[in-house]
Every structure is written in C-alpha cells, then in structure tokens.
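Working notes, beginning with the structure itself.
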Amino acid sequence: MAPDLDARILIIDDNPDMVWILQTLLEREGYHEIASATDPGTAVDTFIAFEPDLVLLDLHMPNKNGLDVMAEIKEVARDFVPVVMLTGDLNPEVRLRALGSGAHDFLTKPFEKTEVHLRIRNLLETRRLHKLLRNENELLEKKVAERTQDLERAKVEILQRLAMASEFRDDCTGEHTQRVGELSARMALVLGLSPRQVDLIRAAAPLHDIGKIAVPDHILLKEGRLTTEEWEVMKRHTDTGARMLSKSVSPTLRLGERIALSHHERWDGTGYHGIRAANVPLAARLVTVADAFDAMTHPRPYKEALAVDAAIEEIKSERARQFDPSVVDAFCDAYADMKLAV
Ligand SMILES: [Fe+2]
C-alpha cells in the first residue's frame with residue numbers, strides 16, 4: 001500500500017523545533033501538503049482553513065492542552081479526520097484519557113522515523129476508506145431518492161390517465177383535465193405560490209373528476225335535467241374521487257384527494273358539502289374556477305361551447321358567490337397572460 005503523498009497534514013505543537021522535525025520527516029518521505037500551528041488558541045482556525053486529512057497534535061501545550069484542541073476540532077470537523085497525539089508521556093492513564101476523547105493513535109517523542117511513517121500511512125488509508133464508504137452511501141441515497149421519485153411519477157401518471165379515460169366519455173379529446181391542471185397552476189403562480197406548490201397543483205388538478213368513473217353513462221351524458229336521485233349520484237363523484245386517492249403517501253395524490261373532494265364547493269357555502277370561503281382548500285378553489293371556465297368554453301355532446309368573452313364575464317359575475325374573489329382576479333390575470341387556445 002503506497003502512502004497518499006498528496007494528503008494534507010496539519011501539525012499542531014507549541015514547540016517550533018518539534019514542528020520543524022516532523023515537517024522535515026514528512027517532507028523527506030514525499031508529503032508536500034503540510035501546514036502547522038504553534039498557538040493552540042488559534043489551531044482550530046488553521047484546521048478550518050486548511051481542511052487537513054490528518055492532524056498531528058501535541059498533548060501538552062500551555063494555556064490549552066491537546067485534549068481541548070481535539071474537542072474543538074471534533075466540533076467543527078465535517079468528516080472523519082484522524083488525530084494522532086504527540087506525547088512524551090507514556091503514562092497509561094494519560095493515553096486512556098486521550099483515546100477516550102477521540103484520539104486515533106499516538107506518537108511518542110522522540111520520534112522514530114519508520115513508526116511515524118507507518119502510523120500516518122495507516123491512518124490516511126483509514127480516512128481514504130472512510131471517504132469511499134461515505135461516497136458510496138451518498139450515491140446509494142441519491143439512487144434511492146431517484147427511484148422513489150420515478151415511482152411517484154409513475155403512480156401519478158397512471159391515475160392521471162385513469163382520470164383522462166373517465167373524461168373521454170364526455171370529452172372526445174380527453175384534454176379537459178390537462179387544461180384544468182395548467183390553468184390552475186397559472187393562477188397559483190399569479191397568487192405567488194412557491195414553484196413546488198405550483199407543480200403539485202398542476203399534477204394534482206387533473207385528478208379532480210376521477211370519481212366520475214363511477215357515474216353511469218345515462219346520468220353523466222344525460223342531455224336534459226337530472227332528477228333529484230340522478231343529481232345525488234352525480235354529486236357523489238367528489239367523495240368517490242377522494243376515496244380513490246386517499247391514504248397515499250404521495251404529496252400529489254394527497255393534494256388530489258383534497259381537490260377531488262372540494263372542487264364543487266362554493267365561496268358562499270352553497271356547494272356540494274356546504275363548506276364555505278377559505279375553509280375550502282385553495283387548490284380546490286383554483287380548480288373550481290379553471291374547471292368551470294374550461295367546461296363553458298368547450299363543447300360537450302349535450303351542449304354548445306360558450307364564447308370566451310362571455311365565459312369570462314360569467315366567471316366574474318360569480319365573484320364572491322360561487323368563486324373566491326382573489327382566485328377570480330388571479331384567473332383574469334393568468335388568462336390575460338397565457339391567451340388560452342380555446
Ligand atoms: Fe367535478
């Protein structure tokens with residue numbers, strides 16, 4: 001095993017002669033990244049600035065002994081950095097105390113050249129293996145995080161496709177859910193939500209009507225007015241959707257659950273479940289407006305599309321009635337920005 005001659009070695013000893021002896025020994029072996037500190041009071045600053053791979057630390061120094069300096073070093077070290085105690089003291093009690101405080105090895109004065117080199121080489125090898133292990137662990141953690149993200153994406157995509165499949169029954173393009181997601185995200189952006197929240201809303205909003213999969217065709221596609229019983233079945237798509245998305249650990253699906261349950265609430269509290277104003281989750285209030293606008297401006301088998309200007313006026317007229325006033329304002333701003341293709 002060849003020594004790592006590029007390793008950075010810090011010598012901390014109040015005696016400049018001792019520093020010189022060690023530095024010379026190391027340089028003759030081929031080490032070239034060596035720093036030293038003779039003032040134990042500022043040794044930790046040198047440690048932070050130099051970022052050594054190994055520290056040679058004198059045990060007996062005035063004002064502050066080696067154990068105190070070692071404690072300071074342990075506190076600031078971001079990684080495993082071996083510390084070799086330099087001592088002329090062979091007292092077993094002193095050695096035990098040093099080992100107990102975290103010293104990794106000892107060198108006894110006067111130094112024996114071969115012993116110095118062997119101990120340093122072995123400890124540097126330990127540090128190298130330690131770094132290798134840490135890097136492997138970091139790599140593994142990164143891979144696990146990537147796989148978890150892939151799984152989350154796959155899960156959300158499957159459910160979005162299921163929502164789209166349900167949508168195909170009364171929207172032959174199947175694009176309604178995606179447009180609602182995009183418009184909701186644009187409004188969230190106007191309202192100043194964080195990029196992460198905006199992305200979550202974009203992914204979760206298309207799931208709002210997933211519960212319609214349980215609504216029979218003769219009710220979903222009925223051209224005339226629904227009977228009271230049929231209307232009750234239709235209204236259940238919010239609870240069904242929320243149940244389909246419930247108990248998930250995925251943040252997207254958890255938000256989807258809240259949106260599915262509450263996207264037919266009204267600001268004035270006269271919606272499906274009678275929840276009012278800010279008690280309705282914001283994401284659901286956004287989807288309510290986006291869903292209404294998109295439904296109005298696109299034809300369905302049972303109705304014609306409304307002109308965009310008329311739909312915007314309709315949305316505005318429901319400000320503070322069906323819709324959250326601040327969301328209506330955000331909708332107007334977002335719409336002006338994106339010039340939706342309708
Ligand atoms: Fe709905």
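Residue names in the structure tokens use chain letters A, B, ... in the order shown, residue numbers from 1 in each chain, and ligand numbers from 1 in the order shown.
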
How close does each residue of chain A get to ligand 1, giving the shortest atom pair and distance in Å to one decimal for every residue with an atom at most 10 Å away, counting only C-alpha atoms and all ligand atoms, sorted by chain and residue number, as a Markdown table?
| residue | atom | partner | partner_atom_place_in_ligand_line | distance |
| --- | --- | --- | --- | --- |
| A:Leu207 | CA | ligand 1 | 1 (Fe) | 9.5 |
| A:His208 | CA | ligand 1 | 1 (Fe) | 6.2 |
| A:Asp209 | CA | ligand 1 | 1 (Fe) | 4.6 |
| A:Ile210 | CA | ligand 1 | 1 (Fe) | 8.2 |
| A:Gly211 | CA | ligand 1 | 1 (Fe) | 8.1 |
| A:Lys212 | CA | ligand 1 | 1 (Fe) | 7.4 |
| A:Met234 | CA | ligand 1 | 1 (Fe) | 8.7 |
| A:Lys235 | CA | ligand 1 | 1 (Fe) | 8.0 |
| A:Arg236 | CA | ligand 1 | 1 (Fe) | 9.4 |
| A:His237 | CA | ligand 1 | 1 (Fe) | 6.8 |
| A:Thr238 | CA | ligand 1 | 1 (Fe) | 6.5 |
| A:Gly241 | CA | ligand 1 | 1 (Fe) | 9.2 |
| A:Ile259 | CA | ligand 1 | 1 (Fe) | 9.5 |
| A:Ala260 | CA | ligand 1 | 1 (Fe) | 7.3 |
| A:Leu261 | CA | ligand 1 | 1 (Fe) | 8.9 |
| A:Ser262 | CA | ligand 1 | 1 (Fe) | 9.0 |
| A:His263 | CA | ligand 1 | 1 (Fe) | 6.4 |
| A:His264 | CA | ligand 1 | 1 (Fe) | 6.3 |
| A:Val287 | CA | ligand 1 | 1 (Fe) | 9.4 |
| A:Thr288 | CA | ligand 1 | 1 (Fe) | 8.4 |
| A:Asp291 | CA | ligand 1 | 1 (Fe) | 7.9 |
| A:Ala292 | CA | ligand 1 | 1 (Fe) | 9.3 |

Which polymer residues have any atom within 10 Å of an atom of Asn15 of chain A, counting only C-alpha atoms, with same-chain residues fewer than 5 positions away left out, as a PyMOL selection string?
chain A and resi 20+37-39+58+61

Mind writing the picked residues with C-alpha atoms as a PDB file, in the first residue's frame?
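Heads up, here's the output in again_5.pdb:
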ATOM      1  CA  TRP A  20      10.328  21.526  12.167  1.00  0.00           C
ATOM      2  CA  ALA A  37       0.076  25.859  14.101  1.00  0.00           C
ATOM      3  CA  THR A  38       2.141  26.674  17.177  1.00  0.00           C
ATOM      4  CA  ASP A  39      -0.588  28.609  19.001  1.00  0.00           C
ATOM      5  CA  ASP A  58       0.769  17.794  20.772  1.00  0.00           C
ATOM      6  CA  MET A  61       0.729  22.694  25.409  1.00  0.00           C
TER       7      MET A  61
END

Which neighbours of Leu159 of chain A fall inside 9 Å, counting only C-alpha atoms, when residues of the same chain fewer than 3 positions from it are skipped, and could you give them as a count of residues only?
10

Please return as a ChimeraX atom specification: the residues of segment 120-227 of chain A that backbone DSSP assigns to helix (DSSP H, G or I).
/A:120-167,176-190,195-207,210-214,217-220

Counting only C-alpha atoms, figure out which residue out of A:Pro92, A:Gly271, A:Pro52, A:Gly100 gets nearest to Phe80 of chain A.
A:Pro52

Hey, what's within 9 Å of segment 123-134 of chain A if we count only C-alpha atoms and toss same-chain stuff fewer than 6 positions away? As JSON, numbers by chain, please?
{"A": [1, 3, 4, 7, 53, 54, 79, 80, 81, 82, 83, 84, 104, 105]}

Generate a file of the selected residues that holds N, CA and C atoms, formatted as a CSV table (one decimal), in the first residue's frame.
chain,number,residue,atom,x,y,z
A,1,MET,N,0.8,-1.2,0.0
A,1,MET,CA,0.0,0.0,0.0
A,1,MET,C,0.9,1.3,0.0
A,3,PRO,N,1.9,5.2,0.3
A,3,PRO,CA,1.3,6.3,1.1
A,3,PRO,C,0.6,7.3,0.2
A,4,ASP,N,-0.4,8.0,0.7
A,4,ASP,CA,-1.0,9.0,-0.1
A,4,ASP,C,-0.2,10.3,0.1
A,7,ALA,N,-1.8,13.8,0.6
A,7,ALA,CA,-2.7,14.1,1.8
A,7,ALA,C,-2.2,15.4,2.5
A,53,ASP,N,-6.3,16.2,6.1
A,53,ASP,CA,-6.7,14.8,6.1
A,53,ASP,C,-6.3,14.1,7.4
A,54,LEU,N,-5.3,14.7,8.1
A,54,LEU,CA,-4.8,14.1,9.3
A,54,LEU,C,-4.2,15.2,10.1
A,79,ASP,N,-16.1,15.8,8.7
A,79,ASP,CA,-15.8,14.5,8.1
A,79,ASP,C,-14.9,13.7,9.1
A,80,PHE,N,-14.6,12.5,8.9
A,80,PHE,CA,-13.7,11.7,9.7
A,80,PHE,C,-12.3,12.2,9.4
A,81,VAL,N,-11.6,12.8,10.4
A,81,VAL,CA,-10.2,13.3,10.3
A,81,VAL,C,-9.4,12.7,11.4
A,82,PRO,N,-8.5,11.7,11.1
A,82,PRO,CA,-7.8,11.1,12.2
A,82,PRO,C,-6.9,12.1,13.0
A,83,VAL,N,-6.8,11.9,14.3
A,83,VAL,CA,-5.9,12.8,15.1
A,83,VAL,C,-4.9,11.9,15.8
A,84,VAL,N,-3.6,12.2,15.6
A,84,VAL,CA,-2.5,11.5,16.2
A,84,VAL,C,-2.0,12.4,17.3
A,104,HIS,N,-6.9,8.9,17.7
A,104,HIS,CA,-6.9,7.7,16.9
A,104,HIS,C,-5.6,6.9,17.1
A,105,ASP,N,-4.5,7.6,17.5
A,105,ASP,CA,-3.2,6.9,17.6
A,105,ASP,C,-2.3,7.9,18.4

If we count only C-alpha atoms and set the cut-off at 12 Å, which residues sit around Glu29 of chain A, ignoring sequence neighbours fewer than 3 positions away in its own chain? Please answer as a PyMOL selection string.
chain A and resi 2-6+22-26+32-33+113-114+116-118+120-121

Between A:Ala334, A:Ala307, A:Val94, A:Ala320, which residue has the minimum interatomic distance to Arg186 of chain A, considering only C-alpha atoms?
A:Ala334

Which one is closest to Phe331 of chain A: A:Ile21, A:Leu226, A:Val190, A:Ala283? Count only C-alpha atoms.
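Closest residue, counting only C-alpha atoms: A:Val190.
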
As a PyMOL selection string, please: all residues of segment 161-333 of chain A that backbone DSSP puts in strand (DSSP E or B).
chain A and resi 300+303+319+323

Find the residues around Ser246 of chain A up to 7 Å (only C-alpha atoms counted), leave out those fewer than 4 positions away in its own chain, and share them as number ranges by chain.
A: 242, 254, 257

Export of prior selection with N, CA and C atoms as a compact mmCIF listing (two decimals), in the first residue's frame:
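File written: again_39.txt
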# COMPACT_ATOMS: atom_id res chain seq x y z
N ALA A 242 -62.22 11.28 -3.97
CA ALA A 242 -61.37 11.44 -2.78
C ALA A 242 -61.01 10.07 -2.22
N ARG A 254 -52.19 13.16 -2.35
CA ARG A 254 -52.85 13.72 -1.15
C ARG A 254 -53.54 15.04 -1.50
N GLU A 257 -56.60 14.31 -3.57
CA GLU A 257 -57.73 13.88 -2.73
C GLU A 257 -58.52 15.10 -2.24

Pick from A:Pro62, A:Glu72, A:Ile48, A:Met18: nearest to Leu86 of chain A, with only C-alpha atoms counted?
A:Met18

Do you have the atom CA of Asp13 of chain A-atom CA of Thr42 of chain A distance handy?
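The value is 11.6 Å.
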
For Arg196 of chain A: contacts at 12 Å, only C-alpha atoms, fewer than 5 positions along chain excluded, given as a list in words
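Counting only the stated atoms, we get Ala185, Ala188, Leu189, Ile201, Arg202, Ala203, Pro251 and Thr252 of chain A.
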
Pairwise distance for atom CA of Asp14 of chain A and atom CA of Thr87 of chain A, rounded to one decimal in Å
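Pair atom CA of Asp14 of chain A / atom CA of Thr87 of chain A returns 12.4 Å.
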
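With atom CA of Asp68 of chain A on one side and atom CA of Glu112 of chain A on the other, the separation reads 26.0 Å.
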